[in-house]
Amino acid sequence: MKRRVLVIGIGAGHPDHVTVQAVHALNEASVFFLPEKGGDKQDLARLRRDICERHVRGQDYRMVPFDVPERGMPRRDYTRGIEDWRTEVARVYERLLEQELGEGDIGAFLVWGDPSLYDGTLRILDWIRAKGRIELEYEVIPGITSVQALAASHKVALNRTGGPVTITTGRRLAAGLPDDDGNVVVMLDSAMAFKSLEPGGLHIYWGAYVGTPDEVLVSGRLDEVAPEIERARKAARDAHGWIMDTYLLTRPGEPGDKPEKKKE
């Protein structure tokens, strides 16, 4: 029996980030797989449920919660550590698809932002297909990323005219800015790598829980607002038990740039 799965990008947290295409996909699915990531991230599971309740017509579907294997302690070989963890997750997904999808069922994984950006679902499903234990086909429905939501909330463009945009991680940024003179979007930066940079006229547009009622925004010259961001980030994490944040680094100098400090 061939299992069919929909990988649906559900946006950065606001229910209205869900696209019309995603709404159609949500209504096509009959089984929703909901990852549980521990007590400090129950908000994420609740938001997934809220999206289904808001956009799915009728009640002819099942929700299947499952535990996500915890990552081990960071290793010297970071990439290998992630791959080992992802293999553990893939085995969980494989078991879920085998046990929970019956004849005529369509499964769905609801992915924050877009499935193509810093999310492992597609690689996990490819691993399952390559292994060949079950026959699987899947479809990807794009979503609004936190990168797009951040730019919209700050009312800024991601790129300078004709310039590149690099999307990277805090781990990479710690080694220094790219040398292409473009703007940089940073994700997955629990260590706040921007503090290690030479400000050099840089401006930062930072946001946490972007697009949600808990959204926090800070912007301005990096050397001026870095301490404010650090305080805001700690307060938000203490209040919620978890945090999802991202930021844009840019060198002002074009008409329409917004170098002024802003907090909301």
# chains A, B, ... in the order shown; residues from 1 in each chain; ligands from 1
>>> residues_around(residues="A:Lys195", least_positions_apart="4", cutoff="12 Å", atoms="only C-alpha atoms", output="VMD selection string")
chain A and resid 170 173 to 174 176 189 to 191 199 202 204 222 to 230
>>> write_last_selection(atoms="C-alpha atoms", output="PDB file, in the first residue's frame")
ATOM      1  CA  GLY A 170      24.108  32.005  14.430  1.00  0.00           C
ATOM      2  CA  LEU A 173      27.687  34.173  11.824  1.00  0.00           C
ATOM      3  CA  ALA A 174      30.022  33.641  14.780  1.00  0.00           C
ATOM      4  CA  GLY A 176      32.120  36.541  10.703  1.00  0.00           C
ATOM      5  CA  ASP A 189      20.992  31.950  17.051  1.00  0.00           C
ATOM      6  CA  SER A 190      20.556  30.988  20.698  1.00  0.00           C
ATOM      7  CA  ALA A 191      24.024  32.395  21.493  1.00  0.00           C
ATOM      8  CA  PRO A 199      29.268  47.029  14.625  1.00  0.00           C
ATOM      9  CA  LEU A 202      25.510  47.798  11.028  1.00  0.00           C
ATOM     10  CA  ILE A 204      19.768  45.204  13.120  1.00  0.00           C
ATOM     11  CA  LEU A 222      23.676  47.334  16.414  1.00  0.00           C
ATOM     12  CA  ASP A 223      26.042  48.985  18.886  1.00  0.00           C
ATOM     13  CA  GLU A 224      23.133  50.845  20.491  1.00  0.00           C
ATOM     14  CA  VAL A 225      20.403  48.209  20.683  1.00  0.00           C
ATOM     15  CA  ALA A 226      22.343  44.954  21.211  1.00  0.00           C
ATOM     16  CA  PRO A 227      21.943  45.155  25.029  1.00  0.00           C
ATOM     17  CA  GLU A 228      18.234  45.911  24.601  1.00  0.00           C
ATOM     18  CA  ILE A 229      17.783  42.868  22.381  1.00  0.00           C
ATOM     19  CA  GLU A 230      19.601  40.708  24.911  1.00  0.00           C
TER      20      GLU A 230
END
>>> residues_around(residues="A:Pro15", least_positions_apart="4", cutoff="12 Å", atoms="only C-alpha atoms", output="list in words")
Gly9, Ile10, Gly11, Thr19, Val20, Ala22, Val23, Arg46, Leu47, Arg48, Arg49, Asp50, Ile51, Cys52, Glu53, Arg54, His55, Trp112, Gly113, Gly143, Ile144, Gly211, Thr212 and Pro213 of chain A
>>> residues_around(residues="A:Val5", least_positions_apart="2", cutoff="12 Å", atoms="only C-alpha atoms", output="MDAnalysis selection string")
chainID A and resid 2:3 7:8 25:26 28:33 93:94 96:98 100:102 104:110 121:122 125:126 129 135:141
>>> residues_around(residues="stretch 237-249 of chain A", least_positions_apart="5", cutoff="6 Å", atoms="only C-alpha atoms", output="NGL selection string")
:A and (40 or 183-187 or 203-209)
>>> write_last_selection(atoms="N, CA and C atoms", output="compact mmCIF listing (two decimals), in the first residue's frame")
# COMPACT_ATOMS: atom_id res chain seq x y z
N ASP A 40 7.91 22.89 27.66
CA ASP A 40 8.19 24.29 27.39
C ASP A 40 7.79 24.70 25.98
N ASN A 183 23.04 42.03 2.59
CA ASN A 183 22.34 41.91 3.85
C ASN A 183 22.34 40.46 4.32
N VAL A 184 22.18 40.29 5.62
CA VAL A 184 22.27 38.95 6.21
C VAL A 184 21.07 38.73 7.13
N VAL A 185 20.37 37.62 6.91
CA VAL A 185 19.30 37.19 7.80
C VAL A 185 19.84 36.03 8.63
N VAL A 186 19.66 36.11 9.94
CA VAL A 186 20.22 35.11 10.85
C VAL A 186 19.09 34.40 11.59
N MET A 187 19.16 33.07 11.57
CA MET A 187 18.18 32.23 12.26
C MET A 187 18.94 31.29 13.19
N HIS A 203 23.11 47.94 11.10
CA HIS A 203 21.81 48.06 11.74
C HIS A 203 21.19 46.67 11.84
N ILE A 204 20.40 46.50 12.88
CA ILE A 204 19.77 45.20 13.12
C ILE A 204 18.26 45.39 13.24
N TYR A 205 17.53 44.45 12.65
CA TYR A 205 16.08 44.38 12.78
C TYR A 205 15.77 43.01 13.37
N TRP A 206 15.44 42.99 14.65
CA TRP A 206 15.27 41.74 15.40
C TRP A 206 13.80 41.54 15.73
N GLY A 207 13.38 40.28 15.73
CA GLY A 207 12.01 39.98 16.12
C GLY A 207 11.89 38.59 16.72
N ALA A 208 11.02 38.47 17.71
CA ALA A 208 10.72 37.17 18.32
C ALA A 208 9.21 36.93 18.23
N TYR A 209 8.83 35.65 18.08
CA TYR A 209 7.41 35.27 17.94
C TYR A 209 6.73 36.12 16.86
>>> select_by_dssp(residues="stretch 20-204 of chain A", states="strand (DSSP E or B)", output="ChimeraX atom specification")
/A:31-36,62-67,106-111,113,135-141,165-169,183-187,203-204
>>> select_by_dssp(residues="stretch 1-245 of chain A", states="alpha helix (DSSP H)", output="ChimeraX atom specification")
/A:20-28,42-55,78-100,121-131,146-154,170-173,222-240
>>> closest_residue(among="A:Ala151, A:Ile82, A:Leu34, A:Leu158", to="A:Arg123", atoms="only C-alpha atoms")
A:Ile82
>>> atom_distance(atom1="atom CA of A:Val165", atom2="atom CA of A:Ala232")
25.8 Å
